[in-house]
>>> print(open('structure.csv').read())   # CSV, C-alpha atoms
chain,number,residue,atom,x,y,z
A,1,MET,CA,6.6,-1.8,-15.8
A,2,ASN,CA,5.9,3.3,-16.3
A,3,LYS,CA,6.2,-0.1,-18.2
A,4,ASN,CA,3.1,-1.5,-16.6
A,5,LYS,CA,5.4,-3.9,-14.8
A,6,ILE,CA,5.8,-4.6,-11.1
A,7,GLY,CA,8.6,-2.4,-9.8
A,8,ILE,CA,11.4,-3.6,-7.6
A,9,GLU,CA,9.9,-2.1,-4.5
A,10,MET,CA,8.0,-4.6,-2.4
A,11,LEU,CA,4.6,-3.1,-1.8
A,12,VAL,CA,1.9,-4.8,0.4
A,13,LEU,CA,-1.6,-3.5,-0.2
A,14,VAL,CA,-3.7,-5.7,2.0
A,15,VAL,CA,-1.5,-7.9,4.2
A,16,LEU,CA,2.2,-8.2,4.7
A,17,LEU,CA,3.8,-10.1,1.8
A,18,VAL,CA,7.5,-9.4,1.4
A,19,SER,CA,10.4,-10.9,-0.5
A,20,ILE,CA,13.8,-9.9,-1.7
A,21,THR,CA,13.8,-8.5,-5.2
A,22,VAL,CA,15.8,-10.6,-7.7
A,23,ILE,CA,16.9,-9.3,-11.1
A,24,PRO,CA,18.0,-12.4,-13.0
A,25,THR,CA,20.4,-12.5,-16.0
A,26,VAL,CA,18.9,-15.1,-18.4
A,27,ASN,CA,19.4,-16.6,-21.8
A,28,ALA,CA,17.0,-14.8,-24.1
A,29,GLN,CA,15.6,-18.0,-25.5
A,30,GLU,CA,14.9,-19.7,-22.1
A,31,GLU,CA,11.2,-20.3,-21.8
A,32,ASP,CA,10.4,-20.0,-18.2
A,33,ASN,CA,11.1,-21.0,-14.6
A,34,PHE,CA,14.2,-18.9,-14.2
A,35,THR,CA,16.3,-19.8,-11.2
A,36,ASP,CA,19.3,-17.4,-11.5
A,37,SER,CA,20.0,-15.7,-8.2
A,38,GLU,CA,21.8,-12.5,-8.9
A,39,TYR,CA,20.7,-9.6,-6.8
A,40,TYR,CA,20.9,-5.9,-7.3
A,41,LEU,CA,20.8,-4.1,-4.0
A,42,PRO,CA,22.1,-0.5,-3.6
A,43,ASP,CA,24.5,0.6,-0.9
A,44,TYR,CA,22.7,1.3,2.4
A,45,GLY,CA,23.3,4.3,4.7
A,46,PRO,CA,21.7,7.4,6.2
A,47,SER,CA,21.9,9.1,2.8
A,48,VAL,CA,19.0,6.9,1.6
A,49,PHE,CA,16.6,9.1,3.5
A,50,GLU,CA,18.0,12.4,2.2
A,51,LYS,CA,16.3,12.0,-1.2
A,52,PHE,CA,12.9,12.0,0.5
A,53,LYS,CA,13.3,15.7,1.6
A,54,ASP,CA,11.6,16.9,-1.6
A,55,ASP,CA,9.2,13.9,-2.0
A,56,LEU,CA,5.7,15.1,-1.5
A,57,ASP,CA,4.4,11.6,-0.9
A,58,VAL,CA,6.7,11.1,2.1
A,59,ILE,CA,5.1,12.3,5.3
A,60,ALA,CA,8.0,11.5,7.7
A,61,THR,CA,10.9,9.2,8.3
A,62,ARG,CA,12.0,7.6,11.5
A,63,GLY,CA,15.2,5.8,12.5
A,64,VAL,CA,18.4,5.4,10.5
A,65,VAL,CA,19.4,3.2,7.6
A,66,PRO,CA,22.7,1.5,8.7
A,67,GLU,CA,25.8,1.7,6.6
A,68,ILE,CA,26.1,-1.5,4.6
A,69,THR,CA,28.0,-2.0,1.4
A,70,ASP,CA,28.6,-5.8,1.3
A,71,ASN,CA,25.8,-7.6,-0.7
A,72,ASN,CA,25.7,-10.6,1.7
A,73,GLU,CA,25.2,-8.2,4.6
A,74,LYS,CA,22.5,-6.3,2.8
A,75,VAL,CA,20.6,-9.6,2.3
A,76,LYS,CA,21.0,-10.4,6.0
A,77,TRP,CA,19.7,-7.0,6.9
A,78,LEU,CA,16.6,-7.3,4.7
A,79,ASP,CA,15.9,-10.7,6.3
A,80,ILE,CA,16.2,-9.2,9.8
A,81,ILE,CA,13.8,-6.3,9.1
A,82,GLU,CA,11.4,-8.6,7.2
A,83,THR,CA,11.2,-10.9,10.2
A,84,SER,CA,10.7,-7.9,12.4
A,85,MET,CA,7.9,-6.5,10.3
A,86,ARG,CA,6.2,-9.9,10.2
A,87,GLY,CA,6.3,-9.8,14.0
A,88,SER,CA,4.5,-6.4,13.9
A,89,LYS,CA,1.8,-7.5,11.4
A,90,ASP,CA,-1.0,-8.4,13.8
A,91,GLU,CA,-0.7,-5.2,15.7
A,92,LEU,CA,-0.5,-3.1,12.5
A,93,GLU,CA,-3.5,-4.6,10.8
A,94,PRO,CA,-6.1,-2.8,13.0
A,95,TYR,CA,-4.9,0.4,11.4
A,96,MET,CA,-5.6,-0.9,7.9
A,97,GLN,CA,-8.2,0.7,5.7
A,98,GLN,CA,-10.5,-2.3,5.8
A,99,TYR,CA,-10.8,-1.9,9.5
A,100,GLY,CA,-11.5,1.8,9.3
A,101,GLY,CA,-7.9,3.0,9.6
A,102,PRO,CA,-5.8,5.1,7.2
A,103,VAL,CA,-3.1,2.5,6.3
A,104,ILE,CA,-3.3,0.8,2.9
A,105,GLY,CA,0.0,-1.1,3.0
A,106,PHE,CA,3.2,-1.9,4.9
A,107,GLY,CA,6.4,-3.9,4.1
A,108,ILE,CA,10.1,-3.6,3.3
A,109,ASN,CA,11.9,-1.8,0.6
A,110,TYR,CA,15.0,-3.1,-1.2
A,111,GLU,CA,16.9,0.1,-0.1
A,112,GLY,CA,17.0,-1.2,3.4
A,113,TYR,CA,14.0,0.3,5.3
A,114,LEU,CA,10.5,-0.5,6.3
A,115,PHE,CA,7.5,1.6,5.1
A,116,VAL,CA,4.0,2.3,6.2
A,117,GLU,CA,1.7,3.6,3.4
A,118,PHE,CA,-1.4,5.8,4.0
A,119,ASP,CA,-4.3,6.4,1.7
A,120,GLU,CA,-3.4,9.7,0.0
A,121,LYS,CA,-7.0,10.9,0.4
A,122,LEU,CA,-6.5,10.7,4.2
A,123,LYS,CA,-3.0,12.1,4.2
A,124,ASP,CA,-4.0,15.3,5.9
A,125,THR,CA,-5.6,13.4,8.8
A,126,VAL,CA,-2.4,11.5,9.6
A,127,ASN,CA,-0.8,13.2,12.5
A,128,LYS,CA,2.4,12.7,14.6
A,129,SER,CA,0.4,10.8,17.3
A,130,THR,CA,-0.7,8.2,14.7
A,131,MET,CA,2.8,7.7,13.4
A,132,ASP,CA,4.2,7.5,16.9
A,133,LYS,CA,1.9,4.7,17.7
A,134,LEU,CA,2.8,2.8,14.5
A,135,TYR,CA,6.5,3.4,15.0
A,136,ASN,CA,6.4,2.2,18.6
A,137,ILE,CA,4.7,-1.1,17.4
A,138,ILE,CA,7.4,-1.6,14.8
A,139,GLU,CA,10.3,-0.5,17.1
A,140,LYS,CA,9.2,-2.9,19.9
A,141,ASP,CA,9.5,-5.9,17.5
A,142,ALA,CA,12.7,-4.7,16.0
A,143,LYS,CA,14.3,-4.5,19.4
A,144,LYS,CA,13.5,-8.2,19.9
A,145,MET,CA,15.7,-8.8,16.8
A,146,GLY,CA,18.4,-6.7,18.3
A,147,VAL,CA,17.8,-3.7,16.1
A,148,SER,CA,17.6,-0.1,17.5
A,149,ASN,CA,16.5,3.0,15.7
A,150,ILE,CA,14.9,0.9,12.9
A,151,PRO,CA,14.4,2.9,9.7
A,152,VAL,CA,10.8,3.5,8.7
A,153,VAL,CA,9.3,5.7,6.0
A,154,PHE,CA,5.7,7.0,6.4
A,155,ARG,CA,4.3,7.9,3.0
A,156,SER,CA,1.0,8.3,1.1
A,157,SER,CA,-0.2,6.6,-2.1
A,158,ALA,CA,-3.2,6.1,-4.3
A,159,GLY,CA,-2.8,2.4,-3.7
A,160,GLN,CA,-3.5,-0.3,-6.2
A,161,ILE,CA,-5.0,0.9,-9.5
A,162,LEU,CA,-6.5,-1.9,-11.5
A,163,GLU,CA,-6.2,-1.8,-15.3
A,164,SER,CA,-8.1,-3.8,-17.9
A,165,ARG,CA,-7.7,-4.8,-21.5
A,166,THR,CA,-9.8,-1.8,-22.4
A,167,SER,CA,-7.9,0.8,-20.3
A,168,THR,CA,-5.7,3.4,-21.9
A,169,TRP,CA,-2.2,1.9,-21.7
A,170,PRO,CA,0.6,4.5,-21.8
A,171,ASN,CA,3.0,1.7,-22.8
A,172,LEU,CA,1.5,-0.7,-25.3
A,173,ILE,CA,1.6,-4.5,-24.6
A,174,GLY,CA,0.1,-7.6,-26.2
A,175,GLY,CA,-3.5,-8.5,-25.3
A,176,ILE,CA,-5.0,-5.1,-25.1
A,177,ARG,CA,-7.7,-3.4,-27.2
A,178,LEU,CA,-7.0,-1.6,-30.4
A,179,GLN,CA,-9.4,0.2,-32.8
A,180,GLY,CA,-9.1,0.7,-36.5
A,181,GLY,CA,-12.0,2.3,-38.3
A,182,ASN,CA,-15.1,1.1,-36.5
A,183,LYS,CA,-13.7,-2.3,-35.5
A,184,TYR,CA,-11.9,-3.5,-32.4
A,185,SER,CA,-9.1,-6.0,-32.4
A,186,THR,CA,-6.3,-7.2,-30.0
A,187,LEU,CA,-2.7,-6.0,-30.0
A,188,SER,CA,-0.4,-8.9,-30.7
A,189,PHE,CA,3.0,-8.1,-29.2
A,190,ALA,CA,5.8,-5.5,-29.1
A,191,ALA,CA,8.7,-5.9,-31.6
A,192,LYS,CA,11.4,-4.2,-33.5
A,193,LYS,CA,12.0,-4.0,-37.3
A,194,ASP,CA,15.0,-6.1,-38.3
A,195,SER,CA,16.2,-3.7,-41.0
A,196,THR,CA,16.0,-0.4,-39.0
A,197,GLY,CA,15.7,-1.4,-35.3
A,198,LYS,CA,12.6,0.8,-35.0
A,199,LYS,CA,10.1,-0.4,-32.4
A,200,GLY,CA,6.4,-1.0,-32.9
A,201,PHE,CA,3.8,-3.6,-32.5
A,202,VAL,CA,2.1,-6.4,-34.5
A,203,MET,CA,-1.6,-6.5,-35.0
A,204,ALA,CA,-4.0,-8.7,-37.1
A,205,GLY,CA,-3.5,-8.1,-40.9
A,206,HIS,CA,-7.2,-8.3,-41.7
A,207,ALA,CA,-7.9,-5.7,-38.9
A,208,ALA,CA,-5.3,-3.4,-40.5
A,209,ILE,CA,-6.9,-3.8,-43.9
A,210,ASN,CA,-10.4,-3.2,-42.5
A,211,ALA,CA,-9.1,0.0,-40.9
A,212,GLY,CA,-8.1,1.3,-44.3
A,213,GLY,CA,-4.8,-0.4,-45.1
A,214,ILE,CA,-1.4,1.2,-45.3
A,215,GLY,CA,-1.5,4.6,-43.6
A,216,ALA,CA,-4.7,3.9,-41.7
A,217,ALA,CA,-4.9,5.3,-38.1
A,218,ILE,CA,-4.8,2.8,-35.3
A,219,TYR,CA,-6.1,3.8,-31.9
A,220,GLN,CA,-5.9,2.5,-28.3
A,221,PRO,CA,-8.2,1.8,-26.7
A,222,SER,CA,-10.6,3.8,-28.8
A,223,THR,CA,-10.7,6.7,-31.3
A,224,SER,CA,-9.9,9.2,-28.6
A,225,ARG,CA,-6.2,8.2,-28.8
A,226,GLN,CA,-4.2,7.4,-31.9
A,227,VAL,CA,-1.1,5.3,-31.3
A,228,GLY,CA,0.2,4.8,-34.8
A,229,THR,CA,-0.6,4.1,-38.4
A,230,VAL,CA,-0.5,0.9,-40.4
A,231,THR,CA,3.1,0.7,-41.8
A,232,TYR,CA,3.3,-2.6,-43.6
A,233,TYR,CA,1.7,-6.0,-44.2
A,234,ASN,CA,2.2,-8.9,-46.6
A,235,CYS,CA,-0.2,-11.6,-45.6
A,236,ALA,CA,1.5,-14.5,-47.3
A,237,PHE,CA,2.5,-16.5,-44.3
A,238,ALA,CA,0.8,-14.6,-41.5
A,239,ASP,CA,-2.4,-12.6,-41.0
A,240,ALA,CA,-0.3,-9.8,-39.4
A,241,ALA,CA,0.5,-6.1,-39.9
A,242,TRP,CA,3.2,-3.8,-38.5
A,243,VAL,CA,2.6,-0.5,-36.8
A,244,GLU,CA,5.6,1.6,-35.7
A,245,ALA,CA,5.4,3.0,-32.2
A,246,ASN,CA,7.9,3.9,-29.5
A,247,ASN,CA,5.8,3.3,-26.5
A,248,VAL,CA,5.8,-0.5,-26.5
A,249,VAL,CA,6.8,-3.0,-23.8
A,250,ASP,CA,7.7,-6.7,-23.9
A,251,ASP,CA,4.7,-7.8,-21.9
A,252,ILE,CA,1.4,-9.4,-22.6
A,253,TYR,CA,-1.8,-8.8,-20.7
A,254,TYR,CA,-2.4,-12.2,-19.1
A,255,GLN,CA,-5.6,-12.2,-17.2
A,256,ASP,CA,-8.1,-9.8,-15.7
A,257,ASN,CA,-7.5,-7.7,-13.7
A,258,ASP,CA,-4.1,-6.2,-14.0
A,259,GLN,CA,-2.1,-9.4,-14.5
A,260,THR,CA,0.7,-9.2,-17.1
A,261,LYS,CA,3.6,-11.5,-18.0
A,262,ASP,CA,7.0,-11.0,-19.5
A,263,VAL,CA,7.8,-12.3,-23.0
A,264,ALA,CA,11.0,-14.3,-22.6
A,265,SER,CA,11.2,-16.1,-25.9
A,266,TYR,CA,9.5,-16.9,-29.2
A,267,GLY,CA,9.3,-19.6,-31.9
A,268,ASP,CA,6.9,-22.1,-33.5
A,269,THR,CA,5.0,-24.8,-31.6
A,270,THR,CA,3.9,-28.2,-32.8
A,271,LYS,CA,0.8,-30.5,-32.8
A,272,GLY,CA,-0.4,-31.6,-29.4
A,273,HIS,CA,1.2,-28.7,-27.5
A,274,THR,CA,-1.1,-26.7,-25.2
A,275,VAL,CA,-1.2,-23.0,-26.1
A,276,TYR,CA,-2.9,-20.0,-24.6
A,277,LYS,CA,-4.6,-17.0,-26.3
A,278,SER,CA,-5.1,-13.6,-24.6
A,279,GLY,CA,-7.8,-11.5,-26.4
A,280,ILE,CA,-10.1,-8.7,-25.7
A,281,SER,CA,-13.4,-10.6,-26.2
A,282,THR,CA,-12.9,-14.0,-24.6
A,283,GLY,CA,-9.9,-13.2,-22.4
A,284,LEU,CA,-7.4,-15.9,-21.5
A,285,THR,CA,-8.3,-19.3,-23.1
A,286,SER,CA,-6.2,-22.4,-23.8
A,287,GLY,CA,-6.3,-25.5,-26.0
A,288,ASP,CA,-4.2,-28.0,-27.9
A,289,VAL,CA,-2.6,-27.5,-31.3
A,290,VAL,CA,-4.5,-29.7,-33.8
A,291,ASP,CA,-3.1,-29.0,-37.3
A,292,GLU,CA,0.1,-27.3,-38.4
A,293,TYR,CA,1.4,-25.7,-41.6
A,294,ILE,CA,-1.9,-25.9,-43.6
A,295,GLN,CA,-3.1,-23.7,-46.4
A,296,MET,CA,-6.0,-21.3,-45.5
A,297,GLY,CA,-7.1,-19.5,-48.6
A,298,THR,CA,-4.1,-17.4,-49.7
A,299,LEU,CA,-2.3,-17.8,-46.4
A,300,GLN,CA,0.3,-20.6,-46.2
A,301,ASP,CA,1.5,-22.6,-43.2
A,302,GLN,CA,-1.2,-21.8,-40.7
A,303,PHE,CA,-2.0,-23.6,-37.4
A,304,THR,CA,-5.3,-24.6,-35.7
A,305,ALA,CA,-6.0,-25.2,-32.0
A,306,THR,CA,-8.9,-26.0,-29.7
A,307,TYR,CA,-8.9,-22.8,-27.6
A,308,SER,CA,-12.1,-20.7,-27.7
A,309,SER,CA,-12.2,-17.2,-29.4
A,310,ALA,CA,-14.7,-14.6,-30.7
A,311,PRO,CA,-14.7,-11.5,-32.9
A,312,GLY,CA,-12.4,-8.9,-31.4
A,313,ASP,CA,-9.8,-11.5,-30.4
A,314,SER,CA,-8.2,-11.1,-33.8
A,315,GLY,CA,-4.4,-10.4,-33.4
A,316,ALA,CA,-4.3,-11.8,-29.9
A,317,PRO,CA,-1.0,-13.2,-28.8
A,318,VAL,CA,-0.8,-17.0,-28.8
A,319,PHE,CA,1.8,-18.4,-26.4
A,320,ILE,CA,3.2,-21.2,-24.3
A,321,ASN,CA,2.6,-20.4,-20.7
A,322,GLY,CA,4.9,-20.5,-17.7
A,323,ASN,CA,6.3,-18.0,-15.2
A,324,THR,CA,7.0,-16.0,-18.4
A,325,VAL,CA,5.6,-16.7,-21.9
A,326,LYS,CA,7.0,-18.0,-25.2
A,327,LEU,CA,5.2,-16.3,-28.1
A,328,VAL,CA,4.2,-18.8,-30.8
A,329,GLY,CA,1.8,-16.9,-33.0
A,330,VAL,CA,-0.9,-14.4,-33.7
A,331,HIS,CA,-4.6,-15.4,-33.5
A,332,ARG,CA,-6.4,-15.0,-36.7
A,333,GLY,CA,-10.0,-16.3,-36.2
A,334,ARG,CA,-12.0,-19.5,-36.6
A,335,TRP,CA,-11.4,-22.3,-39.1
A,336,GLY,CA,-14.2,-24.8,-38.9
A,337,ASP,CA,-14.5,-26.0,-35.3
A,338,TYR,CA,-11.1,-24.7,-34.4
A,339,ALA,CA,-9.3,-21.4,-33.7
A,340,SER,CA,-6.6,-20.5,-36.3
A,341,PHE,CA,-3.4,-18.7,-35.8
A,342,SER,CA,-0.4,-17.6,-37.8
A,343,PRO,CA,2.9,-19.1,-36.5
A,344,MET,CA,5.7,-16.9,-35.3
A,345,SER,CA,7.9,-18.0,-38.2
A,346,GLY,CA,5.3,-16.7,-40.6
A,347,VAL,CA,4.9,-13.4,-38.8
A,348,ARG,CA,8.6,-12.8,-38.8
A,349,GLN,CA,9.0,-13.8,-42.4
A,350,ASP,CA,6.2,-11.5,-43.6
A,351,LEU,CA,7.0,-8.5,-41.5
A,352,GLY,CA,10.7,-8.7,-41.0
A,353,ILE,CA,10.4,-8.2,-37.2
A,354,THR,CA,11.8,-9.7,-34.0
A,355,PRO,CA,9.6,-9.7,-30.8
A,356,LEU,CA,10.9,-7.7,-27.9
A,357,ILE,CA,11.8,-10.0,-25.0
A,358,THR,CA,12.6,-9.3,-21.4
>>> encode(input="structure.csv", output="structure tokens")
Amino acid sequence: MNKNKIGIEMLVLVVLLVSITVIPTVNAQEEDNFTDSEYYLPDYGPSVFEKFKDDLDVIATRGVVPEITDNNEKVKWLDIIETSMRGSKDELEPYMQQYGGPVIGFGINYEGYLFVEFDEKLKDTVNKSTMDKLYNIIEKDAKKMGVSNIPVVFRSSAGQILESRTSTWPNLIGGIRLQGGNKYSTLSFAAKKDSTGKKGFVMAGHAAINAGGIGAAIYQPSTSRQVGTVTYYNCAFADAAWVEANNVVDDIYYQDNDQTKDVASYGDTTKGHTVYKSGISTGLTSGDVVDEYIQMGTLQDQFTATYSSAPGDSGAPVFINGNTVKLVGVHRGRWGDYASFSPMSGVRQDLGITPLIT
């Protein structure tokens, strides 16, 4: 992600923006900026189009996917059809929705073909003549690359659907809205219980207590949908509680609208390090760690930082930012002039959990 993640298909919704999909194998504790270059590309051939016979979103296919089983040759083929499609971009754009046409996207697919996507609301108005015109444009540029019978899929889609922190998320991630009782808070992150392996999520301990304590119902995004009950909290080293749930994903909601990031690692941070907080009230904010391992009432070993926050942000994931994120804590509230958060070591010690990572 439906995991609320970007899929491996390369979809262009406004202008052509294509790249070869990479699925890296990484060390679980690496923080960010992965450079591993392993590819997963399926075998190519005419059979690729056979699966579309019963796909109601596919309007028509043209051309033939060539037989290619060698990975290097697959990459070369994708490069050829990418270059070809880029050559067709200017002639295809007048058919885009913003210019009054039915097309909402076009690009290349990792299975070795090009696609043209129509607004599903206009699907019934797309006829053979329209597809012929579009295919002729694409075919002309493909022949310049020495490619005949270039494979193209014409299909329909609802297009981009933006989600927010307050949307209903089928798969739960950090940084989205929770409700317990009559109070809102922010989901911290997905995790698994060390003793049982069961999945769930972390939320603010005081929000769980305010919701009614152990056994209290927790909802997302509001009381129309219960996603679990408060399972456990200790609140000795972390203002954090545990809620068992199967539909959790190792992402955090990064920034409005519809931007998520993978969680790649976790651990404590230290004074002077810049950290980010992603909460439902103030969104994405950042600041520097000021104090570490201080006593706050009954809570031991808490941290403070200069990022901004407000009521409702309680439970928000605190992290070090990069291409992916490293979880470093759970936002608690304000402590004097600063934000306060419980470090990852305290959360894990209190709850006996391990964050899910990509």
>>> residues_around(input="structure.csv", residues="Asn234 (chain A)", least_positions_apart="5", cutoff="9 Å", atoms="all atoms listed in the file", output="PyMOL selection string")
chain A and resi 205+239-241+350-351
>>> closest_residue(input="structure.csv", among="A:Gly174, A:Gly213, A:Gly346, A:Pro151", to="Gly279 (chain A)", atoms="all atoms listed in the file")
A:Gly174
>>> closest_residue(input="structure.csv", among="A:Gln300, A:Asn182, A:Asn246, A:Thr358", to="Asp262 (chain A)", atoms="all atoms listed in the file")
A:Thr358
>>> atom_distance(input="structure.csv", atom1="CA of Glu91 (chain A)", atom2="CA of Tyr44 (chain A)")
27.7 Å
>>> atom_distance(input="structure.csv", atom1="CA of Leu134 (chain A)", atom2="CA of Glu67 (chain A)")
24.3 Å
>>> atom_distance(input="structure.csv", atom1="CA of Asn149 (chain A)", atom2="CA of Asp90 (chain A)")
21.0 Å
>>> residues_near_point(input="structure.csv", point="(-6.0, 9.5, 1.9)", cutoff="10 Å", atoms="all atoms listed in the file", output="ChimeraX atom specification")
/A:97,102-104,117-126,156-159
